[in-house]
Amino acid sequence: MDWGTELWDQFEVIERHTQWGLDLLDKYVKFVKERIEVEQAYAKQLRSLVKKYLPKRPAKDDPESKFSQQQSFAQILQEVNDFAGQRELVAENLSVRVCLELAKYSQEIKQERKMHFQEGRRAQQQLESGFKQLENSKRKFERDCREAEKAAQTAERLDQDINATKADVEKAKQQAHLRSHMAEESKNEYAAQLQRFNRDQAHFYFSQMPQIFDKLQDMDERRATHLAAGYGLLSEAELQVVPIIAKCLEGMKVAAAAVDTKNDSQVLIELHKSGFARPGDVEFEDFSQRMNRAPSDSSLGTPSDGRPELRGPGRSRAKRWPFGKKNKTVVTEDFSHLPPEQQRKRLQQQLEERNRELQKEVDQREALKKMKDVYEKTPQMGDPASLEPQIAETLNNIERLKLEVQKYEAWLAEAESRVLSNRGDSLSRHTQPPDPPASAPPDSSSSSNSGSQDNKESSEEPPLEEGQDTPIYTEFDEDFEEEPASPIGHCVAIYHFEGSSEGTISMAEGEDLSLMEEDKGDGWTRVRRKQGGEGYVPTSYLRVTLN
């Protein structure tokens, strides 16, 4: 069934229907454009959301990035960002494959429709013009017939009239004959015009307009086909990104499953483990008896005139409370402001970084040497002397980095020994004699007697203690309390120690001492001599027994 046969008389209906089809096509293009705006706005908002919650610092500088929870969240943000990219891809495909193509096709189909209807209107105007000519020839034939009949009646009346002259009768007869001849010509012309109009009308209704209607039908069906393809592209654009979106969602599931609570707890320990020992028991301060203390310049907190230093109520040990507000510390190059464990890790990181830089400089030096050899063998490739400044600079960098590596290695060894000395429970540390210290005071070798060497299996003397000419511990004035206190144990000096720094006290090898305060993780223990006087001595120089 076709429009030319079934809708031969529905010109206006076909005109309205084809216009409705074009309007529907334009409406769908507008819908897709607004859909694209929605997708673009959605993707933009997702990207802004991801940017808002991304970490502000690089992962290497952010300790929180070591937790699996933070890593999973970062992975989810990345997946959401990829998801936003897929929404942008959907918008781009719809814009190119639907909006642009359908809009272009809509313009083409509008021009084709306009051409077909112009052709139909011209055919209709031609048919109407032929019909007007037919009507004119018909009216002329009718008029001429009336005039011929009237002329014939006039000639007959004059012929019967006895008073009419012969000339008048002849004239009337000639006029009647002329009118009759004119009526016959009008008849022939009308007949010819009628035949021509019927032929044109048959061509118009059976050939010309059906062809135009068929072309319009074909045009409308092609438009509907393109529109249907556009409908399919809407879902196809979504289906193209479904695998990637599924991977994004799967990545989110994997990120959720990657959260390792036990590992995060271990990471927290590794990040913030101080390496200090737990505080010991608080001493009983017996205010009923005065502390018998001999005046000594080496006694901690005892003025040179022998009078005990009085402290206010707020001078008790502040370091005992790890949950209190921390004082502002000065950052040092060797990270000594950090707890032992954290100091060791930071020094290890700095050492690894310096080694990488050193290796990079060494590789660069080797490359420059090879290039210099090539220039020397092939002068046209370059001047060997031009590389000398770079080689010299590289050598300077290597020497500087080697010194830094040595410096960090020394600091790291010291920090590791400090961590090892602080490791373990306080009780286990005091129940068995510790190893001799890694370093001893500078004058300990001259102060030690020969009997100390006979008591040791090794023939080596204890190493020298570094830094005797400077204060050992800058916070002794806060850690040591002048109020009378009862000993918490007793200890025996394994080595001789000359307390020449502020806050320390001297002791002889084999001397019995009263234990006043345990080591708090810094390598020093507070003791009291029998003849009076209190101060700090190295923990590794003592054999400790608790009460």
# chains A, B, ... in the order shown; residues from 1 in each chain; ligands from 1
>>> residues_around(residues="segment 112-122 of chain A", least_positions_apart="5", cutoff="7 Å", atoms="only C-alpha atoms", output="ChimeraX atom specification")
/A:209,212,216
>>> write_last_selection(atoms="N, CA and C atoms", output="PDB file, in the first residue's frame")
ATOM      1  N   MET A 209       0.584  13.238  -9.171  1.00  0.00           N
ATOM      2  CA  MET A 209       0.467  13.347  -7.715  1.00  0.00           C
ATOM      3  C   MET A 209       0.786  12.029  -7.014  1.00  0.00           C
ATOM      4  N   ILE A 212       4.466  11.979  -6.637  1.00  0.00           N
ATOM      5  CA  ILE A 212       4.919  12.911  -5.588  1.00  0.00           C
ATOM      6  C   ILE A 212       4.610  12.349  -4.209  1.00  0.00           C
ATOM      7  N   LEU A 216       7.156  11.386  -1.199  1.00  0.00           N
ATOM      8  CA  LEU A 216       7.006  11.866   0.178  1.00  0.00           C
ATOM      9  C   LEU A 216       6.928  10.691   1.152  1.00  0.00           C
TER      10      LEU A 216
END
>>> residues_around(residues="segment 75-78 of chain A", least_positions_apart="6", cutoff="7 Å", atoms="only C-alpha atoms", output="PyMOL selection string")
chain A and resi 50+252+255
>>> residues_around(residues="Val267 of chain A", least_positions_apart="6", cutoff="10 Å", atoms="only C-alpha atoms", output="ChimeraX atom specification")
/A:63-64,66-68,261,273
>>> residues_around(residues="Arg222 of chain A", least_positions_apart="6", cutoff="12 Å", atoms="only C-alpha atoms", output="tab-separated table (two decimals) with N, CA, C and O atoms, in the first residue's frame")
chain	number	residue	atom	x	y	z
A	18	THR	N	3.97	14.78	7.32
A	18	THR	CA	5.42	14.91	7.09
A	18	THR	C	6.01	16.03	7.96
A	18	THR	O	7.15	15.92	8.44
A	21	GLY	N	6.47	14.65	11.39
A	21	GLY	CA	7.65	13.78	11.46
A	21	GLY	C	8.93	14.59	11.61
A	21	GLY	O	9.83	14.23	12.41
A	22	LEU	N	9.04	15.69	10.86
A	22	LEU	CA	10.21	16.55	10.99
A	22	LEU	C	10.27	17.20	12.38
A	22	LEU	O	11.36	17.32	12.97
A	25	LEU	N	11.57	14.67	14.78
A	25	LEU	CA	13.02	14.50	14.64
A	25	LEU	C	13.77	15.62	15.35
A	25	LEU	O	14.73	15.38	16.09
A	102	LEU	N	21.81	13.65	13.08
A	102	LEU	CA	20.36	13.83	12.91
A	102	LEU	C	20.02	15.28	12.57
A	102	LEU	O	19.10	15.53	11.79
A	105	TYR	N	20.82	15.61	8.94
A	105	TYR	CA	19.82	14.88	8.13
A	105	TYR	C	18.48	15.61	8.15
A	105	TYR	O	17.76	15.62	7.14
A	106	SER	N	18.14	16.22	9.26
A	106	SER	CA	16.88	16.97	9.34
A	106	SER	C	16.87	18.11	8.34
A	106	SER	O	15.84	18.37	7.67
A	108	GLU	N	18.53	18.21	5.52
A	108	GLU	CA	18.42	17.63	4.18
A	108	GLU	C	16.99	17.20	3.89
A	108	GLU	O	16.46	17.43	2.78
A	109	ILE	N	16.34	16.58	4.86
A	109	ILE	CA	15.00	16.07	4.63
A	109	ILE	C	13.99	17.21	4.50
A	109	ILE	O	12.99	17.11	3.77
A	112	GLU	N	14.27	18.35	0.92
A	112	GLU	CA	13.61	17.38	0.03
A	112	GLU	C	12.10	17.50	0.12
A	112	GLU	O	11.40	17.48	-0.91
A	113	ARG	N	11.57	17.62	1.33
A	113	ARG	CA	10.11	17.77	1.49
A	113	ARG	C	9.63	19.04	0.81
A	113	ARG	O	8.58	19.04	0.12
A	215	LYS	N	7.05	9.67	-3.38
A	215	LYS	CA	8.35	10.23	-2.97
A	215	LYS	C	8.29	10.74	-1.53
A	215	LYS	O	9.24	10.55	-0.75
A	216	LEU	N	7.16	11.39	-1.20
A	216	LEU	CA	7.01	11.87	0.18
A	216	LEU	C	6.93	10.69	1.15
A	216	LEU	O	7.46	10.76	2.28
A	228	ALA	N	14.70	6.04	14.19
A	228	ALA	CA	14.81	4.80	14.94
A	228	ALA	C	16.27	4.46	15.24
A	228	ALA	O	16.61	4.00	16.34
A	229	ALA	N	17.15	4.70	14.25
A	229	ALA	CA	18.58	4.48	14.49
A	229	ALA	C	19.09	5.41	15.59
A	229	ALA	O	19.92	5.02	16.42
>>> atom_distance(atom1="atom CA of Pro487 of chain A", atom2="atom CA of Leu515 of chain A")
5.4 Å
>>> closest_residue(among="A:Glu393, A:Ala485, A:Lys132, A:Glu361", to="Asp286 of chain A", atoms="only C-alpha atoms")
A:Ala485
>>> residues_around(residues="Glu414 of chain A", least_positions_apart="2", cutoff="12 Å", atoms="only C-alpha atoms", output="VMD selection string")
chain A and resid 334 to 336 340 to 341 343 to 344 347 to 348 407 to 412 416 to 421 437 to 439 466 523
>>> write_last_selection(atoms="N, CA and C atoms", output="CSV table (one decimal), in the first residue's frame")
chain,number,residue,atom,x,y,z
A,334,ASP,N,69.6,15.5,62.9
A,334,ASP,CA,69.7,14.1,63.1
A,334,ASP,C,68.4,13.6,63.7
A,335,PHE,N,67.3,14.4,63.7
A,335,PHE,CA,66.0,13.9,64.2
A,335,PHE,C,66.0,13.5,65.7
A,336,SER,N,66.9,14.0,66.4
A,336,SER,CA,67.0,13.7,67.8
A,336,SER,C,65.8,14.2,68.6
A,340,PRO,N,63.0,7.5,69.9
A,340,PRO,CA,64.0,6.6,69.3
A,340,PRO,C,63.6,5.9,68.0
A,341,GLU,N,62.5,5.2,68.1
A,341,GLU,CA,62.0,4.4,67.0
A,341,GLU,C,61.8,5.3,65.7
A,343,GLN,N,63.0,8.2,65.2
A,343,GLN,CA,64.3,8.8,64.7
A,343,GLN,C,65.0,7.8,63.9
A,344,ARG,N,65.0,6.5,64.3
A,344,ARG,CA,65.7,5.5,63.4
A,344,ARG,C,65.1,5.4,62.1
A,347,LEU,N,65.9,8.5,59.9
A,347,LEU,CA,67.3,8.4,59.5
A,347,LEU,C,67.5,7.4,58.4
A,348,GLN,N,66.8,6.2,58.5
A,348,GLN,CA,66.9,5.2,57.5
A,348,GLN,C,66.4,5.7,56.2
A,407,LYS,N,77.6,10.5,57.6
A,407,LYS,CA,77.0,11.2,58.8
A,407,LYS,C,75.7,10.5,59.2
A,408,TYR,N,74.9,10.2,58.2
A,408,TYR,CA,73.6,9.5,58.5
A,408,TYR,C,73.8,8.1,59.0
A,409,GLU,N,74.9,7.5,58.5
A,409,GLU,CA,75.2,6.1,59.0
A,409,GLU,C,75.6,6.1,60.4
A,410,ALA,N,76.4,7.1,60.8
A,410,ALA,CA,76.8,7.3,62.2
A,410,ALA,C,75.5,7.6,63.1
A,411,TRP,N,74.7,8.5,62.6
A,411,TRP,CA,73.5,8.8,63.4
A,411,TRP,C,72.6,7.6,63.5
A,412,LEU,N,72.5,6.8,62.4
A,412,LEU,CA,71.6,5.7,62.4
A,412,LEU,C,72.1,4.6,63.4
A,416,GLU,N,70.0,3.2,66.4
A,416,GLU,CA,69.7,1.8,66.5
A,416,GLU,C,70.2,1.2,67.9
A,417,SER,N,71.4,1.7,68.3
A,417,SER,CA,71.8,1.2,69.7
A,417,SER,C,70.9,1.8,70.8
A,418,ARG,N,70.4,3.0,70.5
A,418,ARG,CA,69.5,3.5,71.5
A,418,ARG,C,68.2,2.8,71.5
A,419,VAL,N,67.7,2.4,70.4
A,419,VAL,CA,66.4,1.6,70.3
A,419,VAL,C,66.6,0.2,71.0
A,420,LEU,N,67.8,-0.4,70.7
A,420,LEU,CA,68.1,-1.7,71.3
A,420,LEU,C,68.2,-1.6,72.8
A,421,SER,N,68.8,-0.5,73.3
A,421,SER,CA,68.9,-0.4,74.7
A,421,SER,C,67.5,-0.1,75.4
A,437,PRO,N,78.0,-0.7,77.7
A,437,PRO,CA,77.5,0.3,76.8
A,437,PRO,C,78.4,0.4,75.6
A,438,ALA,N,77.7,0.8,74.5
A,438,ALA,CA,78.5,1.0,73.2
A,438,ALA,C,79.5,2.1,73.3
A,439,SER,N,79.3,3.0,74.2
A,439,SER,CA,80.2,4.1,74.3
A,439,SER,C,80.3,4.5,75.8
A,466,GLU,N,80.7,9.7,74.6
A,466,GLU,CA,80.8,10.9,73.9
A,466,GLU,C,80.1,12.0,74.5
A,523,GLY,N,68.3,6.0,78.4
A,523,GLY,CA,69.6,5.5,78.6
A,523,GLY,C,70.2,5.9,79.9
>>> atom_distance(atom1="atom CA of Phe73 of chain A", atom2="atom CA of Glu353 of chain A")
28.3 Å
>>> closest_residue(among="A:Asn93, A:Asn547, A:Gln201, A:Ser265", to="Glu238 of chain A", atoms="only C-alpha atoms")
A:Asn93
>>> residues_around(residues="Ala508 of chain A", least_positions_apart="5", cutoff="7 Å", atoms="only C-alpha atoms", output="PDB file with all heavy atoms, in the first residue's frame")
ATOM      1  N   ALA A 493      77.588  -0.682  90.490  1.00  0.00           N
ATOM      2  CA  ALA A 493      78.266  -0.105  89.335  1.00  0.00           C
ATOM      3  C   ALA A 493      79.188  -1.140  88.708  1.00  0.00           C
ATOM      4  O   ALA A 493      80.059  -1.696  89.376  1.00  0.00           O
ATOM      5  CB  ALA A 493      79.048   1.132  89.753  1.00  0.00           C
ATOM      6  N   TYR A 495      81.031  -0.382  85.910  1.00  0.00           N
ATOM      7  CA  TYR A 495      82.179   0.373  85.449  1.00  0.00           C
ATOM      8  C   TYR A 495      82.312   1.643  86.276  1.00  0.00           C
ATOM      9  O   TYR A 495      81.350   2.109  86.895  1.00  0.00           O
ATOM     10  CB  TYR A 495      82.044   0.760  83.971  1.00  0.00           C
ATOM     11  CG  TYR A 495      81.721  -0.384  83.066  1.00  0.00           C
ATOM     12  CD1 TYR A 495      80.463  -0.478  82.453  1.00  0.00           C
ATOM     13  CD2 TYR A 495      82.669  -1.363  82.802  1.00  0.00           C
ATOM     14  CE1 TYR A 495      80.154  -1.515  81.623  1.00  0.00           C
ATOM     15  CE2 TYR A 495      82.363  -2.411  81.965  1.00  0.00           C
ATOM     16  CZ  TYR A 495      81.106  -2.495  81.376  1.00  0.00           C
ATOM     17  OH  TYR A 495      80.816  -3.525  80.557  1.00  0.00           O
ATOM     18  N   HIS A 496      83.507   2.192  86.240  1.00  0.00           N
ATOM     19  CA  HIS A 496      83.709   3.499  86.846  1.00  0.00           C
ATOM     20  C   HIS A 496      83.105   4.573  85.942  1.00  0.00           C
ATOM     21  O   HIS A 496      83.195   4.494  84.703  1.00  0.00           O
ATOM     22  CB  HIS A 496      85.207   3.764  87.037  1.00  0.00           C
ATOM     23  CG  HIS A 496      85.494   5.164  87.494  1.00  0.00           C
ATOM     24  ND1 HIS A 496      85.358   5.566  88.810  1.00  0.00           N
ATOM     25  CD2 HIS A 496      85.905   6.253  86.794  1.00  0.00           C
ATOM     26  CE1 HIS A 496      85.666   6.852  88.902  1.00  0.00           C
ATOM     27  NE2 HIS A 496      86.009   7.291  87.695  1.00  0.00           N
ATOM     28  N   PHE A 497      82.477   5.587  86.529  1.00  0.00           N
ATOM     29  CA  PHE A 497      81.886   6.671  85.749  1.00  0.00           C
ATOM     30  C   PHE A 497      82.177   7.985  86.442  1.00  0.00           C
ATOM     31  O   PHE A 497      81.970   8.131  87.641  1.00  0.00           O
ATOM     32  CB  PHE A 497      80.371   6.484  85.599  1.00  0.00           C
ATOM     33  CG  PHE A 497      79.686   7.629  84.915  1.00  0.00           C
ATOM     34  CD1 PHE A 497      79.864   7.835  83.559  1.00  0.00           C
ATOM     35  CD2 PHE A 497      78.882   8.523  85.623  1.00  0.00           C
ATOM     36  CE1 PHE A 497      79.256   8.876  82.905  1.00  0.00           C
ATOM     37  CE2 PHE A 497      78.268   9.565  84.967  1.00  0.00           C
ATOM     38  CZ  PHE A 497      78.454   9.752  83.603  1.00  0.00           C
TER      39      PHE A 497
END
